[in-house]
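Asks: A single structure is presented below for examination.
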Amino acid sequence: MDVLVVDHPLAQSRLTVMRSAESDSGAFRAALHELTTMVVYEAARSFAIEKFPIATPVAPTQGTRLANPPLIVPVLRAGLGMADAALGLLPESSMGFVGLARDEDTYEPRAYMESLPGDLAGLPVLVLDPMLATGGSLVHCCQLLVDRGCTDVIVCCVLAAPEGIERLRDSGLPLRLITASIDEGLNEKMYIVPGLGDAGDRQFGGM
Ligand code: PRP
Ligand code: URA
């Protein structure tokens with residue numbers, strides 16, 4: 001599984017805003033939006049393009065567009081804060097949704113929503129979730145996509161724990177990962193350390 005860390009000064013400054021316990025939810029959401037633009041920009045570097053004829057005001061030439069725009073799938077809730085930035089860069093894309101909540105005792109994901117096309121054969125899928133902790137949620141989501149025929153899953157996140165990366169790798173699913181950081185690991189409550197806390201709560205408040 002390919003793993004890319006977006007180790008760019010602008011990405012790391014947005015990540016710092018997200019990590020700081022002093023940032024309020026407005027600052028957190030704004031930093032997540034901007035950081036997502038950078039992560040998705042890197043994810044799109046390998047997308048196939050096609051040429052087509054256009055005319056400038058001066059002369060005919062060749063234009064370029066994405067040959068196969070990906071389906072964008074934010075994982076609710078926390079991935080919602082990445083959706084608008086991703087769609088802004090990929091206005092030709094469609095969007096599907098997966099709703100998952102991690103059980104506080106078992107740390108396994110509980111699925112509560114699924115809105116995806118039935119057939120994903122031939123369509124790349126860009127999955128958005130800021131946090132890869134144990135990896136349970138993203139493996140669940142990616143398995144749903146592969147079960148629908150997807151063979152090219154690109155996972156965009158903000159923070160990844162080594163434990164989660166290993167779980168994604170061990171899943172054997174056809175995916176690659178783009179993240180702004182690989183953190184130290186997980187604590188006894190399966191939170192990423194140093195992390196940024198609960199990405200859903202920090203955007204939308206506690207439930
Ligand atoms: C968070 C996060 C991931 C998941 C990561 O969501 O957005 O989906 O935890 O943990 P894991 O890798 O151990 O599965 P959460 O379940 O807290 O729901 P929320 O987005 O509604 O806050
Ligand atoms: N989910 C979060 O929102 N934060 C973590 O650190 C782990 C899982």
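Letters for chains follow the order of the structure tokens (A, B, ...), residue numbers begin at 1 for each chain, and ligand numbers begin at 1 in the order shown.
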At a cut-off of 6 Å around ligand 1, and using only C-alpha atoms and all ligand atoms, what residues come up? Please write them as a list in words.
Replies: Leu76, Arg77, Ala78, Leu100, Ala101, Arg102, Pro109, Asp129, Pro130, Met131, Leu132, Ala133, Thr134, Gly135, Gly136, Ser137, Ala199, Gly200 and Asp201 of chain A
Asks: Please produce a file of the residues just selected, as a CSV table (one decimal), in the first residue's frame, where the atoms kept are N, CA and C atoms.
Replies:
```csv
chain,number,residue,atom,x,y,z
A,76,LEU,N,-19.0,10.2,7.5
A,76,LEU,CA,-19.7,11.1,8.5
A,76,LEU,C,-19.3,10.6,9.9
A,77,ARG,N,-19.3,11.6,10.8
A,77,ARG,CA,-19.4,13.0,10.7
A,77,ARG,C,-18.2,13.7,10.2
A,78,ALA,N,-17.0,13.3,10.8
A,78,ALA,CA,-15.8,14.2,10.7
A,78,ALA,C,-15.4,14.5,9.3
A,100,LEU,N,-20.4,6.4,10.0
A,100,LEU,CA,-19.9,5.4,10.9
A,100,LEU,C,-19.7,6.1,12.2
A,101,ALA,N,-19.9,5.4,13.3
A,101,ALA,CA,-19.6,5.9,14.7
A,101,ALA,C,-18.8,4.8,15.4
A,102,ARG,N,-17.7,5.2,16.0
A,102,ARG,CA,-16.9,4.2,16.7
A,102,ARG,C,-17.5,3.9,18.1
A,109,PRO,N,-16.3,0.1,14.5
A,109,PRO,CA,-17.3,1.1,13.9
A,109,PRO,C,-18.7,0.5,13.8
A,129,ASP,N,-11.7,11.2,5.4
A,129,ASP,CA,-11.9,11.0,6.9
A,129,ASP,C,-10.6,11.6,7.6
A,130,PRO,N,-10.7,12.6,8.4
A,130,PRO,CA,-9.5,13.2,8.9
A,130,PRO,C,-8.7,12.3,9.8
A,131,MET,N,-9.3,11.3,10.4
A,131,MET,CA,-8.6,10.5,11.4
A,131,MET,C,-8.5,9.0,11.0
A,132,LEU,N,-7.3,8.5,11.0
A,132,LEU,CA,-7.1,7.0,10.9
A,132,LEU,C,-6.4,6.6,12.2
A,133,ALA,N,-7.2,6.0,13.1
A,133,ALA,CA,-6.8,5.6,14.4
A,133,ALA,C,-6.5,4.1,14.4
A,134,THR,N,-7.5,3.3,14.9
A,134,THR,CA,-7.2,1.9,14.8
A,134,THR,C,-7.3,1.3,13.4
A,135,GLY,N,-8.0,2.1,12.5
A,135,GLY,CA,-8.2,1.7,11.2
A,135,GLY,C,-9.6,1.0,10.9
A,136,GLY,N,-10.3,0.7,12.0
A,136,GLY,CA,-11.5,-0.1,11.9
A,136,GLY,C,-12.5,0.7,11.0
A,137,SER,N,-12.7,2.0,11.1
A,137,SER,CA,-13.7,2.7,10.3
A,137,SER,C,-13.3,2.7,8.9
A,199,ALA,N,-12.2,14.6,16.2
A,199,ALA,CA,-12.3,15.5,15.1
A,199,ALA,C,-13.8,15.9,14.8
A,200,GLY,N,-14.7,15.0,15.1
A,200,GLY,CA,-16.1,15.3,15.0
A,200,GLY,C,-16.6,16.3,16.0
A,201,ASP,N,-16.3,16.1,17.2
A,201,ASP,CA,-16.6,17.0,18.3
A,201,ASP,C,-16.0,18.4,18.1
```
Asks: Fewer than 5 positions away in the same chain doesn't count, so skip those; otherwise give me all residues within 8 Å of segment 141-154 of chain A, counting only C-alpha atoms, as a ChimeraX atom specification.
Replies: /A:43,75,98,118-127,173-178
Asks: Generate the output file for the selected residues, C-alpha atoms, as a PDB file, in the first residue's frame.
Replies:
```pdb
ATOM      1  CA  ALA A  43      -3.970  12.804  -4.198  1.00  0.00           C
ATOM      2  CA  VAL A  75     -17.103   9.400   6.194  1.00  0.00           C
ATOM      3  CA  VAL A  98     -20.964   6.551   4.612  1.00  0.00           C
ATOM      4  CA  GLY A 118     -24.486   0.130  -6.551  1.00  0.00           C
ATOM      5  CA  ASP A 119     -21.744  -0.397  -9.163  1.00  0.00           C
ATOM      6  CA  LEU A 120     -18.340   1.199  -8.686  1.00  0.00           C
ATOM      7  CA  ALA A 121     -16.453  -0.834 -11.313  1.00  0.00           C
ATOM      8  CA  GLY A 122     -14.045   1.396 -13.214  1.00  0.00           C
ATOM      9  CA  LEU A 123     -14.584   4.401 -10.941  1.00  0.00           C
ATOM     10  CA  PRO A 124     -11.837   5.665  -8.624  1.00  0.00           C
ATOM     11  CA  VAL A 125     -13.111   6.634  -5.167  1.00  0.00           C
ATOM     12  CA  LEU A 126     -11.667   9.358  -2.946  1.00  0.00           C
ATOM     13  CA  VAL A 127     -12.481   8.607   0.718  1.00  0.00           C
ATOM     14  CA  LEU A 173      -7.724  -3.837  -0.116  1.00  0.00           C
ATOM     15  CA  PRO A 174      -6.664  -1.947  -3.275  1.00  0.00           C
ATOM     16  CA  LEU A 175      -5.958   1.444  -1.734  1.00  0.00           C
ATOM     17  CA  ARG A 176      -3.417   4.151  -1.180  1.00  0.00           C
ATOM     18  CA  LEU A 177      -3.219   6.659   1.638  1.00  0.00           C
ATOM     19  CA  ILE A 178      -2.458  10.378   1.665  1.00  0.00           C
TER      20      ILE A 178
END
```
Asks: Taking only C-alpha atoms and all ligand atoms into account, which of A:Arg19, A:Arg14, A:Ala83, A:Glu42 comes nearest ligand 2?
Replies: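 Between A:Arg19, A:Arg14, A:Ala83, A:Glu42, the residue approaching ligand 2 most closely is A:Arg19.
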Asks: Closest to Gly81 of chain A among A:Leu128, A:Val17, A:Val139, A:Leu186, using only C-alpha atoms?
Replies: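 Using only C-alpha atoms, the shortest distance to Gly81 of chain A belongs to A:Leu128.
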Asks: Can you pull out the residues contacting Arg45 of chain A? Cut-off 12 Å, using only C-alpha atoms, and skip same-chain residues under 5 positions away; I want them as a PyMOL selection string.
Replies: chain A and resi 4+38-40+66+154+178
